[in-house]
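> Here's a structure for you.
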Amino acid sequence: MRTYSFAEYKDAADVIKSRISIVPEIGLVLGSGLGQLADEVEGIEPGTDPVIIDYKDIPGWPASTVFGHKGRLVIGKLGGRNVVVQQGRAHFYEGYSLSEVTFAVRVMKLLGVNTLVLTNAAGGLNVFFHPGDIMLITDHIGFAGMAGNNPLCGPNMEEFGTRFPDMSQAYDREYIQLAKAAAVRKGVPVQSGVYVWLSGPSFETPAEVRMLRAMGGDAVGMSTVPEVIAARHCGMRVLGFSGITNKNSDNGEAMTTHEEVLEAANVIGPKIITILKEILPDL
Ligand code: HPA
């Protein structure tokens with residue numbers, strides 16, 4: 001199973017630093033079909049292009065294999081802030097270790113990132129959610145992690161954080177309030193709720209949907225939680241958005257497909273962009 005030494009995280013960060021002249025303060029992780037957000041990033045001087053670095057040019061960086069994920073970093077200005085945008089992420093279901101899944105977060109930390117904004121495509125467990133809705137993540141159930149797949153398992157890396165990190169406020173409360181207020185100002189309706197992480201790649205059975213709902217889950221997906229755990233471990237503040245791409249069937253009457261997930265993401269992307277641009281100056 002692939003793990004990394006501190007020197008390997010640092011090597012990756014150094015390669016990126018050699019290509020940029022700014023310190024990115026905010027990291028953005030774009031989920032399935034939400035890559036268009038990266039097109040909004042500008043270079044440091046207005047009207048110039050951002051710096052683009054392919055994952056394959058960064059030592060240690062896992063390549064994204066999922067259709068709808070590009071596999072590159074876009075570094076520049078968004079909403080007046082220095083940002084590094086991860087266009088595509090590694091998932092556990094691709095066969096990557098959780099060290100690989102969270103590699104990017106730790107490298108971003110070494111670049112200077114203190115705020116991490118994560119987006120994902122998720123299924124709606126909450127019966128009041130509809131495809132195209134945005135959900136602000138208020139908390140998570142790391143179901144796959146609770147069953148033994150926590151990204152912090154193994155020797156603790158003291159350089160990043162403590163052995164037993166607190167998760168009582170994994171999702172920054174001030175950021176959630178900022179995002180809610182921004183959504184109201186911009187007339188973009190938002191939901192809020194609990195995100196459940198499953199390893200995937202198979203979608204849920206109706207019985208699993210009923211169980212996850214009974215557990216208190218509002219949305220379900222295959223990412224984000226490992227990255228949030230790694231980010232909180234190294235002291236980053238976190239804001240998370242789920243784009244609800246499909247309604248999870250609790251009776252087997254409807255199917256879920258990757259195509260429908262990508263299609264709904266097209267509606268979701270612009271909504272998240274609107275809210276993000278509004279709050280970036282305040283993060
Ligand atoms: N389940 C799990 N992950 C997902 C779903 C879903 O229904 N939709 C998008 N990602």
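Ligands are numbered from 1 in the order shown, residues from 1 within each chain, and chains are lettered A, B, ... in the order they appear in the structure tokens.
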How would you write, as a PyMOL selection string, the set of residues no farther than 9 Å from ligand 1 when counting only C-alpha atoms and all ligand atoms?
chain A and resi 32+120-125+196-204+219-223+243-249+256-258+260-262
> Please provide the set of residues having any atom within 12 Å of Glu40 in chain A, restricted to only C-alpha atoms, with same-chain residues fewer than 3 positions apart removed, written as JSON, numbers by chain.
{"A": [34, 35, 36, 37, 43, 46, 47, 48, 49, 50, 74, 75, 76, 77, 78, 79, 80, 83, 85, 269, 270, 273, 274, 276, 277]}
> Find the distance between CA of Glu253 in chain A and CA of Val209 in chain A and write it in Å to one decimal.
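CA of Val209 in chain A lies 12.6 Å from CA of Glu253 in chain A.
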> Neighbouring residues of Val23 in chain A were defined as those with any atom within 8 Å, considering only C-alpha atoms; residues of the same chain fewer than 6 positions away were excluded. Please report them as a list in words.
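Residues meeting the cut-off are Asn82, Leu111, Gly112 and Val113 of chain A.
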> From the list A:Ser99, A:Asp250, A:Phe241, A:Ala63, which residue is nearest Ala207 in chain A when using only C-alpha atoms?
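Among the listed residues, A:Asp250 lies closest to Ala207 in chain A.
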> Please return, as JSON, numbers by chain, all residues of range 98-249 of chain A that DSSP assigns to alpha helix (DSSP H) on the basis of the backbone.
{"A": [98, 99, 100, 101, 103, 104, 105, 106, 107, 108, 109, 110, 111, 143, 144, 145, 146, 173, 174, 175, 176, 177, 178, 179, 180, 181, 182, 183, 184, 185, 186, 206, 207, 208, 209, 210, 211, 212, 213, 214, 215, 225, 226, 227, 228, 229, 230, 231, 232, 233]}
> Determine, counting only C-alpha atoms, which protein, DNA and RNA residues have an atom within 12 Å of an atom of Pro155 in chain A; residues of the same chain fewer than 4 positions away are not included. Present the result as a list of chain:residue names.
A:Thr3, A:Tyr4, A:Ser5, A:Phe6, A:Ser99, A:Pro151, A:Glu159, A:Phe160, A:Gly161, A:Thr162, A:Arg163, A:Phe164
> Distance CA of Gly148 in chain A-CA of Cys234 in chain A, one decimal place?
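Straight-line distance from CA of Gly148 in chain A to CA of Cys234 in chain A works out to 20.6 Å.
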